[in-house]
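> Please find query13.cif (mmCIF, C-alpha atoms and all ligand atoms) on the next line:
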```
data_work
loop_
_atom_site.label_atom_id
_atom_site.label_comp_id
_atom_site.auth_asym_id
_atom_site.auth_seq_id
_atom_site.Cartn_x
_atom_site.Cartn_y
_atom_site.Cartn_z
CA MET Z 950 -14.71 3.78 -6.55
CA LYS Z 951 -16.14 0.46 -5.52
CA CYS Z 952 -13.98 -1.59 -3.18
CA PRO Z 953 -13.27 -5.06 -4.60
CA VAL Z 954 -12.89 -6.52 -1.08
CA CYS Z 955 -16.06 -5.31 0.69
CA GLY Z 956 -18.13 -3.69 -2.09
CA ASN Z 957 -18.37 -0.40 -0.19
CA ASP Z 958 -17.09 3.01 -1.07
CA CYS Z 959 -13.59 2.55 0.49
CA ILE Z 960 -11.60 4.25 -2.26
CA ARG Z 961 -11.55 8.02 -2.70
CA ASP Z 962 -9.73 10.34 -5.06
CA ALA Z 963 -6.35 11.53 -3.86
CA HIS Z 964 -7.45 15.13 -3.19
CA GLU Z 965 -10.22 14.00 -0.84
CA ILE Z 966 -7.80 11.94 1.25
CA ILE Z 967 -5.12 14.64 1.21
CA GLY Z 968 -7.78 17.20 2.18
CA ILE Z 969 -8.76 15.39 5.40
CA MET Z 970 -5.16 14.92 6.62
CA PRO Z 971 -4.98 18.01 8.86
CA GLU Z 972 -7.99 17.07 10.99
CA VAL Z 973 -8.70 13.38 10.53
CA PHE Z 974 -6.71 12.28 13.61
CA ALA Z 975 -6.73 15.59 15.49
CA PRO Z 976 -8.23 15.79 19.02
CA CYS Z 977 -11.13 18.04 19.90
CA PRO Z 978 -10.86 20.15 23.12
CA ASP Z 979 -12.47 17.27 25.08
CA CYS Z 980 -10.14 14.54 23.77
CA THR Z 981 -7.36 13.45 26.12
CA PRO Z 982 -4.26 11.50 25.13
CA LEU Z 983 -3.54 8.49 27.31
CA VAL Z 984 -0.14 7.12 26.39
CA MET Z 985 0.29 3.56 27.65
CA ASN Z 986 3.36 1.44 28.20
CA LYS Z 987 3.25 -1.08 25.33
CA ASP Z 988 5.42 -3.51 27.30
CA ALA Z 989 2.87 -3.93 30.09
CA PRO Z 990 -0.82 -4.88 30.18
CA PRO Z 991 -3.01 -1.80 29.64
CA PRO Z 992 -4.22 -0.03 32.83
CA PRO Z 993 -7.97 -0.08 33.55
CA VAL Z 994 -9.37 2.85 31.56
CA SER Z 995 -12.70 4.18 30.36
CA LEU Z 996 -13.47 2.90 26.88
CA ASP Z 997 -15.92 5.73 26.18
CA VAL Z 998 -15.70 7.40 22.79
CA CYS Z 999 -15.39 11.22 22.95
CA SER Z 1000 -18.36 13.33 21.78
CA CYS Z 1001 -16.30 14.11 18.63
CA GLY Z 1002 -16.35 10.41 17.72
CA ARG Z 1003 -12.65 9.78 18.31
CA ARG Z 1004 -10.57 7.77 20.77
CA PHE Z 1005 -6.86 7.87 21.42
CA LEU Z 1006 -4.94 5.11 19.63
CA ASP Z 1007 -3.76 3.43 22.85
CA VAL Z 1008 -7.31 3.30 24.24
CA VAL Z 1009 -8.51 1.63 21.04
CA CYS Z 1010 -5.62 -0.86 21.37
CA ALA Z 1011 -6.62 -1.52 25.00
CA HIS Z 1012 -10.18 -2.24 23.83
CA VAL Z 1013 -8.85 -4.73 21.25
CA TYR Z 1014 -6.62 -6.25 23.96
CA LEU Z 1015 -9.58 -6.87 26.28
CA ILE Z 1016 -11.49 -8.67 23.54
CA MET Z 1017 -8.45 -10.81 22.70
CA VAL Z 1018 -8.05 -11.69 26.39
CA GLU Z 1019 -11.75 -12.59 26.72
CA GLU Z 1020 -11.51 -14.81 23.64
CA GLY Z 1021 -8.36 -16.51 24.92
CA ASP Z 1022 -5.95 -15.14 22.29
CA LEU Z 1023 -3.97 -13.32 24.97
CA LEU Z 1024 -3.30 -13.80 28.68
CA LEU Z 1025 -4.12 -11.09 31.20
CA ASN Z 1026 -0.45 -10.42 31.92
CA ASP Z 1027 0.54 -10.15 28.26
CA PRO Z 1028 1.91 -6.74 27.25
CA LEU Z 1029 -0.24 -4.42 25.15
CA ARG Z 1030 2.04 -4.80 22.13
CA ARG Z 1031 1.04 -8.48 21.82
CA ILE Z 1032 -2.17 -7.40 20.07
CA GLY Z 1033 -0.10 -6.90 16.88
CA SER Z 1034 0.39 -3.91 14.57
CA PRO Z 1035 -2.35 -1.29 14.39
CA MET Z 1036 -2.23 0.28 10.89
CA ILE Z 1037 -4.10 3.55 10.60
CA HIS Z 1038 -6.10 4.66 7.60
CA PRO Z 1039 -5.03 6.86 5.97
CA GLY Z 1040 -1.40 6.31 6.97
CA PHE Z 1041 1.02 9.22 6.85
CA ALA Z 1042 3.93 10.53 8.88
CA MET Z 1043 2.67 12.19 12.06
CA GLU Z 1044 4.34 13.97 14.94
CA SER Z 1045 2.10 12.59 17.67
CA ALA Z 1046 -0.11 9.56 18.18
CA PRO Z 1047 -3.51 9.84 16.50
CA PHE Z 1048 -7.04 10.09 17.86
CA LEU Z 1049 -8.91 7.61 15.73
CA PRO Z 1050 -12.30 8.19 14.10
CA GLU Z 1051 -14.60 5.39 12.95
CA LYS Z 1052 -13.22 2.72 10.60
CA SER Z 1053 -9.68 4.02 10.63
CA LEU Z 1054 -7.70 1.03 11.89
CA VAL Z 1055 -6.62 -2.24 10.30
CA LEU Z 1056 -5.14 -4.63 12.86
CA LEU Z 1057 -2.41 -7.02 11.75
CA SER Z 1058 -1.96 -9.71 14.35
CA PRO Z 1059 -0.37 -13.16 14.34
CA LEU Z 1060 -2.39 -14.15 17.42
CA VAL Z 1061 -5.90 -12.95 16.67
CA SER Z 1062 -8.62 -15.61 16.28
CA ARG Z 1063 -11.59 -15.38 13.95
CA GLU Z 1064 -13.93 -15.03 16.96
CA SER Z 1065 -11.98 -12.05 18.26
CA ALA Z 1066 -11.75 -10.53 14.79
CA GLU Z 1067 -15.51 -10.63 14.37
CA ARG Z 1068 -16.06 -9.12 17.81
CA ILE Z 1069 -13.46 -6.41 17.18
CA ILE Z 1070 -15.26 -5.34 13.99
CA LYS Z 1071 -18.61 -5.35 15.79
CA GLU Z 1072 -17.57 -3.76 19.09
CA VAL Z 1073 -14.63 -1.44 18.31
CA PRO Z 1074 -15.98 1.40 16.13
CA GLU Z 1075 -12.52 2.45 14.95
CA ALA Z 1076 -11.77 -1.02 13.55
CA ARG Z 1077 -11.95 -1.35 9.80
CA GLY Z 1078 -10.38 -4.75 9.25
CA VAL Z 1079 -8.64 -7.53 11.15
CA VAL Z 1080 -5.93 -9.52 9.43
CA ARG Z 1081 -4.06 -12.56 10.68
CA SER Z 1082 -0.44 -11.87 9.83
CA GLY Z 1083 2.63 -14.11 9.68
CA ASP Z 1084 6.39 -13.69 9.87
CA PHE Z 1085 6.75 -13.15 6.12
CA ILE Z 1086 6.09 -10.31 3.68
CA PRO Z 1087 2.69 -10.57 1.97
CA GLY Z 1088 2.90 -10.56 -1.82
CA GLU Z 1089 6.66 -11.12 -1.84
CA LEU Z 1090 7.64 -12.47 -5.22
CA ASP Z 1091 11.12 -13.48 -6.34
CA ALA Z 1092 12.35 -12.09 -9.68
CA ASN Z 1093 12.34 -15.57 -11.28
CA LEU Z 1094 8.74 -16.25 -10.20
CA THR Z 1095 9.67 -19.62 -8.74
CA ARG Z 1096 6.91 -19.64 -6.13
CA GLU Z 1097 3.56 -18.00 -5.58
CA PRO Z 1098 3.57 -15.21 -2.98
CA ARG Z 1099 2.11 -15.90 0.43
CA THR Z 1100 -0.60 -13.65 1.81
CA TYR Z 1101 -2.05 -12.84 5.19
CA GLU Z 1102 -5.65 -13.73 5.97
CA LEU Z 1103 -8.43 -11.16 6.24
CA LEU Z 1104 -10.59 -12.43 9.12
CA ALA Z 1105 -13.22 -9.69 9.38
CA GLY Z 1106 -14.08 -6.30 7.89
CA CYS Z 1107 -12.09 -4.78 5.04
CA ASP Z 1108 -8.31 -4.47 4.90
CA VAL Z 1109 -8.11 -1.85 2.15
CA ARG Z 1110 -6.32 1.22 3.42
CA ALA Z 1111 -4.36 4.13 1.98
CA ASP Z 1112 -0.88 5.43 2.65
CA ILE Z 1113 0.11 8.98 1.76
CA PHE Z 1114 3.67 9.63 0.65
CA PHE Z 1115 5.15 13.09 0.34
CA THR Z 1116 7.19 13.76 -2.77
CA GLN Z 1117 8.88 16.83 -4.22
CA THR Z 1118 5.59 17.42 -6.11
CA SER Z 1119 2.10 16.41 -4.93
CA PRO Z 1120 1.58 13.73 -2.28
CA ILE Z 1121 0.87 10.23 -3.69
CA VAL Z 1122 -2.07 8.29 -2.25
CA LEU Z 1123 -1.64 4.52 -2.47
CA TYR Z 1124 -4.42 2.10 -1.66
CA LYS Z 1125 -3.82 -1.56 -1.11
CA GLU Z 1126 -5.10 -4.67 0.60
CA GLN Z 1127 -3.00 -4.97 3.70
CA SER Z 1128 -3.11 -8.78 3.55
CA LYS Z 1129 -1.74 -9.00 0.01
CA ILE Z 1130 0.67 -6.15 -0.65
CA HIS Z 1131 3.56 -4.80 1.32
CA ILE Z 1132 4.46 -1.12 1.42
CA GLU Z 1133 6.66 0.48 4.03
CA PHE Z 1134 4.73 2.92 6.22
CA PRO Z 1135 5.33 6.53 5.12
CA ARG Z 1136 7.96 8.23 7.25
CA GLY Z 1137 7.68 11.71 5.80
CA TYR Z 1138 11.11 11.38 4.21
CA ASP Z 1139 11.16 8.27 2.06
CA PRO Z 1140 14.63 7.90 0.49
CA LYS Z 1141 13.54 5.66 -2.41
CA ILE Z 1142 10.87 8.16 -3.51
CA ILE Z 1143 13.33 11.05 -3.29
CA ALA Z 1144 16.02 9.08 -5.19
CA VAL Z 1145 13.67 8.13 -8.02
CA GLY Z 1146 12.33 11.69 -8.24
CA VAL Z 1147 15.89 12.99 -8.57
CA ARG Z 1148 16.71 10.43 -11.29
CA VAL Z 1149 13.60 11.21 -13.31
CA ARG Z 1150 14.35 14.93 -13.20
CA ARG Z 1151 18.01 14.39 -14.06
CA HIS Z 1152 17.46 11.95 -16.97
CA ASN Z 1153 14.19 13.49 -18.15
CA PRO Z 1154 13.21 10.25 -19.95
CA ARG Z 1155 10.49 9.93 -22.58
CA VAL Z 1156 9.69 6.51 -21.13
CA PHE Z 1157 9.80 5.38 -17.51
CA VAL Z 1158 9.42 1.69 -16.66
CA ASP Z 1159 8.55 0.53 -13.12
CA ALA Z 1160 9.34 -3.15 -13.65
CA CYS Z 1161 8.18 -4.59 -10.30
CA CYS Z 1162 5.75 -1.89 -9.37
CA GLY Z 1163 4.00 -3.18 -6.21
CA ALA Z 1164 1.19 -0.69 -5.49
CA GLY Z 1165 2.53 1.63 -8.22
CA THR Z 1166 4.49 4.17 -6.16
CA LEU Z 1167 7.48 4.84 -8.41
CA GLY Z 1168 5.71 4.77 -11.77
CA ILE Z 1169 2.97 7.08 -10.51
CA LEU Z 1170 5.67 9.39 -9.17
CA ALA Z 1171 7.34 9.52 -12.62
CA GLY Z 1172 3.93 10.24 -14.13
CA MET Z 1173 3.38 13.11 -11.69
CA ILE Z 1174 6.74 14.59 -12.61
CA GLY Z 1175 5.50 14.58 -16.22
CA THR Z 1176 7.23 11.65 -17.96
CA PRO Z 1177 5.30 11.32 -21.26
CA HIS Z 1178 5.06 7.51 -21.27
CA VAL Z 1179 5.05 5.33 -18.16
CA VAL Z 1180 4.85 1.52 -18.03
CA LEU Z 1181 4.19 -0.26 -14.75
CA ASN Z 1182 4.46 -4.01 -14.40
CA ASP Z 1183 4.10 -6.64 -11.71
CA ALA Z 1184 3.62 -10.39 -11.98
CA TRP Z 1185 1.42 -10.45 -8.85
CA TYR Z 1186 -2.25 -9.81 -9.57
CA ALA Z 1187 -2.95 -7.80 -6.43
CA ALA Z 1188 -0.07 -5.44 -7.30
CA ALA Z 1189 -1.24 -5.00 -10.91
CA PHE Z 1190 -4.80 -4.41 -9.74
CA TRP Z 1191 -4.00 -1.86 -7.02
CA THR Z 1192 -1.57 -0.07 -9.33
CA SER Z 1193 -4.45 0.39 -11.79
CA TYR Z 1194 -6.76 1.67 -9.07
CA ASN Z 1195 -4.03 3.95 -7.71
CA LEU Z 1196 -3.58 5.44 -11.16
CA ARG Z 1197 -7.22 6.44 -11.06
CA VAL Z 1198 -6.92 7.72 -7.49
CA ASN Z 1199 -3.97 9.96 -8.42
CA MET Z 1200 -5.07 10.80 -11.95
CA GLU Z 1201 -5.69 14.46 -11.19
CA SER Z 1202 -2.02 14.94 -10.22
CA MET Z 1203 -0.97 13.64 -13.65
CA LEU Z 1204 -1.63 14.70 -17.24
CA LEU Z 1205 -4.31 12.04 -17.62
CA GLU Z 1206 -7.91 12.31 -18.71
CA ARG Z 1207 -9.07 8.74 -18.32
CA VAL Z 1208 -7.98 5.41 -16.89
CA ASP Z 1209 -9.40 2.35 -18.56
CA ILE Z 1210 -9.13 -0.73 -16.35
CA LYS Z 1211 -9.30 -3.74 -18.68
CA LYS Z 1212 -9.42 -6.55 -16.15
CA ASP Z 1213 -11.42 -6.60 -12.96
CA TYR Z 1214 -10.29 -7.99 -9.65
CA THR Z 1215 -12.09 -11.33 -9.95
CA ALA Z 1216 -10.67 -12.00 -13.40
CA LEU Z 1217 -7.15 -11.15 -12.24
CA SER Z 1218 -7.38 -13.26 -9.09
CA LYS Z 1219 -7.87 -16.39 -11.21
CA ASN Z 1220 -4.24 -16.13 -12.36
CA PRO Z 1221 -2.37 -14.77 -9.36
CA VAL Z 1222 1.07 -14.95 -11.01
CA VAL Z 1223 1.43 -14.44 -14.75
CA ARG Z 1224 4.56 -14.74 -16.92
CA GLU Z 1225 3.44 -13.51 -20.34
CA PRO Z 1226 2.72 -9.78 -19.91
CA ALA Z 1227 -0.95 -8.83 -20.33
CA VAL Z 1228 -2.42 -5.31 -20.21
CA VAL Z 1229 -4.43 -4.59 -17.07
CA ALA Z 1230 -5.03 -0.85 -17.52
CA VAL Z 1231 -4.33 1.94 -19.98
CA ALA Z 1232 -4.46 5.62 -19.07
CA GLU Z 1233 -4.40 8.41 -21.57
CA GLY Z 1234 -4.29 12.18 -21.81
CA GLU Z 1235 -1.26 14.33 -22.50
CA GLN Z 1236 0.73 11.36 -21.26
CA THR Z 1237 0.20 7.61 -21.57
CA VAL Z 1238 0.42 5.08 -18.76
CA GLU Z 1239 0.12 1.32 -19.16
CA VAL Z 1240 -0.13 -1.31 -16.46
CA TYR Z 1241 0.90 -4.89 -17.20
CA GLN Z 1242 0.76 -8.10 -15.22
CA GLY Z 1243 3.72 -10.23 -16.21
CA ASP Z 1244 7.33 -11.32 -15.83
CA PHE Z 1245 9.55 -8.28 -16.39
CA PHE Z 1246 12.13 -10.42 -18.23
CA ARG Z 1247 9.45 -10.79 -20.93
CA LEU Z 1248 8.40 -7.15 -20.95
CA PRO Z 1249 10.88 -5.64 -23.50
CA PRO Z 1250 8.83 -6.42 -26.68
CA PHE Z 1251 5.83 -4.64 -25.12
CA LEU Z 1252 7.69 -1.41 -24.35
CA PRO Z 1253 7.31 1.76 -26.42
CA LYS Z 1254 10.16 2.52 -28.82
CA GLU Z 1255 10.59 6.16 -27.75
CA ARG Z 1256 13.87 7.11 -26.09
CA PRO Z 1257 15.44 8.04 -23.69
CA ILE Z 1258 14.16 5.35 -21.35
CA LEU Z 1259 14.72 4.92 -17.60
CA THR Z 1260 13.85 1.65 -15.84
CA VAL Z 1261 13.59 1.08 -12.11
CA PHE Z 1262 13.68 -2.40 -10.57
CA ASP Z 1263 12.43 -2.24 -6.99
CA LEU Z 1264 13.30 -5.84 -6.13
CA PHE Z 1265 12.47 -7.80 -3.02
CA GLU Z 1266 15.90 -9.44 -3.37
CA LYS Z 1267 17.82 -6.20 -3.00
CA LYS Z 1268 20.99 -7.86 -1.79
CA ASP Z 1269 21.25 -10.52 -4.50
CA ARG Z 1270 24.23 -9.17 -6.47
CA PRO Z 1271 24.31 -11.85 -9.20
CA LEU Z 1272 20.61 -11.23 -9.87
CA ARG Z 1273 21.14 -7.47 -10.06
CA GLU Z 1274 24.02 -7.99 -12.50
CA ARG Z 1275 21.97 -10.33 -14.65
CA ILE Z 1276 19.04 -7.90 -14.79
CA ARG Z 1277 21.35 -5.03 -15.71
CA LYS Z 1278 23.05 -7.02 -18.47
CA GLU Z 1279 19.88 -8.45 -20.01
CA TRP Z 1280 18.03 -5.16 -19.84
CA LEU Z 1281 20.87 -3.19 -21.37
CA GLU Z 1282 21.02 -5.66 -24.26
CA SER Z 1283 17.28 -5.77 -24.94
CA VAL Z 1284 16.09 -2.30 -23.89
CA GLY Z 1285 19.07 -0.09 -23.09
CA GLY Z 1286 18.75 3.30 -21.43
CA ASP Z 1287 19.34 3.98 -17.76
CA ILE Z 1288 18.71 1.42 -15.07
CA PHE Z 1289 18.13 2.10 -11.39
CA ILE Z 1290 17.95 -0.61 -8.76
CA PRO Z 1291 17.30 1.19 -5.46
ZN ZN N 1301 -13.42 -2.12 1.33
ZN ZN N 1302 -12.88 14.56 21.08
#
```
I need this file expressed as structure tokens, please.


Amino acid sequence: MKCPVCGNDCIRDAHEIIGIMPEVFAPCPDCTPLVMNKDAPPPPVSLDVCSCGRRFLDVVCAHVYLIMVEEGDLLLNDPLRRIGSPMIHPGFAMESAPFLPEKSLVLLSPLVSRESAERIIKEVPEARGVVRSGDFIPGELDANLTREPRTYELLAGCDVRADIFFTQTSPIVLYKEQSKIHIEFPRGYDPKIIAVGVRVRRHNPRVFVDACCGAGTLGILAGMIGTPHVVLNDAWYAAAFWTSYNLRVNMESMLLERVDIKKDYTALSKNPVVREPAVVAVAEGEQTVEVYQGDFFRLPPFLPKERPILTVFDLFEKKDRPLRERIRKEWLESVGGDIFIP
């Protein structure tokens, strides 16, 4: 599938990504791990890439560090961790630090300059994208849609990467632009995924609604468990777009035959936050999945009439009790069914 950020072939079907997991970050017999103290400057090391095409994560970070020092983003006595957060692609829970192949790292850094970013992409083979991050969550949207989400800035390369989450059924592969959507890094045991899986099995709904779906995790999970009708919604265009793409990526783990994406990335980006729900994608087969971009308070008239129905609200404002109460009350009046706010 064509990548909307760089135009290349960044997006693969879930089985291809799941298939490479065992060896993608594994060392060959010549690879050597070189664990560095992240609270000190990196020691002088060889930056050579092994004959297998991989380098240990810390060596790649040291390479990035040297470029950032040369460009004046860092000082020579800064600790290694000042480079920022290296996000691997694909991301999944691992027991030991990875040996990185080409184009497998997206760097999130509050300190990186455009000059460094361009050099990192040119000179560090493992680098895939460099993003200037900030001390906020990209794509964070309040339930009342009072302000447009803030995003990080992609400085060079492509910031589309996948995370793989283990569930009680098949793993879910979720692509996203690192600068525009937040997902927690997979830890191998992800309580929200387990909790929603348990609820779906217990309630066995005809309809599952993922009201603020982000990259689509919980709705796709319900689809994989076999819920006949799934509706995913998010007011943020990047979330609605990547949810649609992720449906396609994970289609083979669901009872779907086709995913029809109705709005492309450019069209969606013209209206980053939308109140009146509009269809972004429809998927059909033995089950039906719809993706909307809109305000979830306006979603009830668009929902299928079948029952039972289970709705999950994965809010950014998890601790806002009055908001949770209001959502519960309004939703019970207009839609009914079971409500889960993790
Ligand atoms: Zn790309
Ligand atoms: Zn090697």

> List every protein, DNA or RNA residue that has an atom no more than 10 Å from (12.6, 10.7, -3.9) in the file's coordinate frame, counting all atoms listed in the file, and report them as a CSV table (one decimal) with C-alpha atoms, in the frame of the given file.


```
chain,number,residue,atom,x,y,z
Z,1115,PHE,CA,5.2,13.1,0.3
Z,1116,THR,CA,7.2,13.8,-2.8
Z,1117,GLN,CA,8.9,16.8,-4.2
Z,1118,THR,CA,5.6,17.4,-6.1
Z,1138,TYR,CA,11.1,11.4,4.2
Z,1139,ASP,CA,11.2,8.3,2.1
Z,1140,PRO,CA,14.6,7.9,0.5
Z,1141,LYS,CA,13.5,5.7,-2.4
Z,1142,ILE,CA,10.9,8.2,-3.5
Z,1143,ILE,CA,13.3,11.0,-3.3
Z,1144,ALA,CA,16.0,9.1,-5.2
Z,1145,VAL,CA,13.7,8.1,-8.0
Z,1146,GLY,CA,12.3,11.7,-8.2
Z,1147,VAL,CA,15.9,13.0,-8.6
Z,1148,ARG,CA,16.7,10.4,-11.3
Z,1149,VAL,CA,13.6,11.2,-13.3
Z,1167,LEU,CA,7.5,4.8,-8.4
Z,1170,LEU,CA,5.7,9.4,-9.2
```

> Would you work out the distance separating atom CA of Pro1050 of chain Z from atom CA of Val1008 of chain Z, expressed in Å to one decimal?

12.3 Å

> To check your reading of the model: which residues sit at most 12 Å from ligand ZN 1302 (chain N) when counting all atoms listed in the file? Write the answer as number ranges by chain.

Z: 972-982, 997-1005, 1047-1050

> Using atom CA of Leu1023 of chain Z and atom CA of Ser1128 of chain Z as the two end points, give the distance in Å to one decimal.

21.9 Å

> Could you build a table of the residues in chain Z lying no more than 12 Å from ligand ZN 1301 (chain N), giving for each the nearest pair of atoms and their separation in Å rounded to one decimal place, using only C-alpha atoms and all ligand atoms, ordered by chain and ascending residue number, as CSV?


```
residue,atom,partner,partner_atom,distance
Z:Met950,CA,N:ZN1301,ZN,9.9
Z:Lys951,CA,N:ZN1301,ZN,7.8
Z:Cys952,CA,N:ZN1301,ZN,4.6
Z:Pro953,CA,N:ZN1301,ZN,6.6
Z:Val954,CA,N:ZN1301,ZN,5.0
Z:Cys955,CA,N:ZN1301,ZN,4.2
Z:Gly956,CA,N:ZN1301,ZN,6.0
Z:Asn957,CA,N:ZN1301,ZN,5.5
Z:Asp958,CA,N:ZN1301,ZN,6.7
Z:Cys959,CA,N:ZN1301,ZN,4.7
Z:Ile960,CA,N:ZN1301,ZN,7.5
Z:Arg961,CA,N:ZN1301,ZN,11.1
Z:His1038,CA,N:ZN1301,ZN,11.8
Z:Lys1052,CA,N:ZN1301,ZN,10.5
Z:Ser1053,CA,N:ZN1301,ZN,11.8
Z:Val1055,CA,N:ZN1301,ZN,11.3
Z:Arg1077,CA,N:ZN1301,ZN,8.6
Z:Gly1078,CA,N:ZN1301,ZN,8.9
Z:Leu1103,CA,N:ZN1301,ZN,11.4
Z:Ala1105,CA,N:ZN1301,ZN,11.1
Z:Gly1106,CA,N:ZN1301,ZN,7.8
Z:Cys1107,CA,N:ZN1301,ZN,4.8
Z:Asp1108,CA,N:ZN1301,ZN,6.7
Z:Val1109,CA,N:ZN1301,ZN,5.4
Z:Arg1110,CA,N:ZN1301,ZN,8.1
Z:Ala1111,CA,N:ZN1301,ZN,11.0
Z:Tyr1124,CA,N:ZN1301,ZN,10.4
Z:Lys1125,CA,N:ZN1301,ZN,9.9
Z:Glu1126,CA,N:ZN1301,ZN,8.7
Z:Gln1127,CA,N:ZN1301,ZN,11.1
```

> Let me have the centre and edge lengths in Å, one decimal, of the box along x, y and z around every listed atom of segment 968-976 of chain Z with 6 Å of margin on each side, as AutoDock Vina command-line options.


```
--center_x -6.9 --center_y 15.1 --center_z 10.6 --size_x 15.8 --size_y 17.7 --size_z 28.8
```

> Which is closest to Thr1100 of chain Z among Z:His1131, Z:Val1073, Z:Ala1160, Z:Arg1030, if we use only C-alpha atoms?

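Checking each of Z:His1131, Z:Val1073, Z:Ala1160, Z:Arg1030 against Thr1100 of chain Z, counting only C-alpha atoms, the winner is Z:His1131.
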
> Report, in Å with one decimal, the straight-line distance from atom CA of Ala1188 of chain Z to atom CA of Met1036 of chain Z.

19.2 Å

> Using only C-alpha atoms, which residue out of Z:Ala1230, Z:Val1122, Z:Ala1184, Z:Pro1098 lies closest to Met970 of chain Z?

Z:Val1122

> What's the 7 Å shell around Asn1182 of chain Z, counting only C-alpha atoms, without same-chain residues fewer than 5 positions away, as number ranges by chain?

Z: 1159-1162, 1189, 1240-1243, 1245

> Which residue out of Z:Ile1113, Z:Leu1181, Z:Arg1031, Z:Val1013 has the minimum interatomic distance to Ile969 of chain Z when all atoms listed in the file are used?

Z:Ile1113

> Could you tell me, as a list in words, which residues have any atom at most 9 Å from (-7.1, 12.7, -17.2), counting all atoms listed in the file?

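Residues with an atom close enough to that point: Arg1197, Met1200, Glu1201, Ser1202, Met1203, Leu1204, Leu1205, Glu1206, Arg1207, Val1208, Ala1232, Glu1233, Gly1234, Glu1235 and Gln1236 of chain Z.
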
> Using only C-alpha atoms for the distances, tell me which of Z:Glu1044, Z:Glu1089, Z:Glu1051, Z:Asp1022 is nearest to Arg1063 of chain Z.

Z:Asp1022

> At a cut-off of 7 Å, using only C-alpha atoms, what residues contact Ser1065 of chain Z? Leave out same-chain residues fewer than 4 positions from it and give the result as a ChimeraX atom specification.

/Z:1016-1017,1020,1061,1069

> Counting only C-alpha atoms, which residues in segment 1174-1194 of chain Z sit no more than 12 Å from segment 1252-1272 of chain Z? For each one, give the nearest pair of atoms and the distance in Å, sorted by chain then residue number, as JSON lines.


```
{"residue": "Z:Thr1176", "atom": "CA", "partner": "Z:Ile1258", "partner_atom": "CA", "distance": 10.0}
{"residue": "Z:Pro1177", "atom": "CA", "partner": "Z:Glu1255", "partner_atom": "CA", "distance": 9.8}
{"residue": "Z:His1178", "atom": "CA", "partner": "Z:Pro1253", "partner_atom": "CA", "distance": 8.0}
{"residue": "Z:Val1179", "atom": "CA", "partner": "Z:Pro1253", "partner_atom": "CA", "distance": 9.3}
{"residue": "Z:Val1180", "atom": "CA", "partner": "Z:Leu1252", "partner_atom": "CA", "distance": 7.5}
{"residue": "Z:Leu1181", "atom": "CA", "partner": "Z:Val1261", "partner_atom": "CA", "distance": 9.9}
{"residue": "Z:Asn1182", "atom": "CA", "partner": "Z:Phe1262", "partner_atom": "CA", "distance": 10.1}
{"residue": "Z:Asp1183", "atom": "CA", "partner": "Z:Asp1263", "partner_atom": "CA", "distance": 10.5}
```

> Could you name the residues that touch Glu1225 of chain Z at 7 Å or less, counting only C-alpha atoms, but leaving out those on the same chain fewer than 2 positions away, as a PyMOL selection string?

chain Z and resi 1223+1227+1243-1244+1247

> Nearest to Asn986 of chain Z among Z:Ile1210, Z:Ala1011, Z:Val1079, Z:Ile1132, with distances taken over only C-alpha atoms: which residue is it?

Z:Ala1011

> Pick the closest to Phe1041 of chain Z from Z:Tyr1101, Z:Tyr1014, Z:Phe1134, Z:Phe1251: which is it, counting all atoms listed in the file?

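That would be Z:Phe1134, the residue with the smallest distance to Phe1041 of chain Z.
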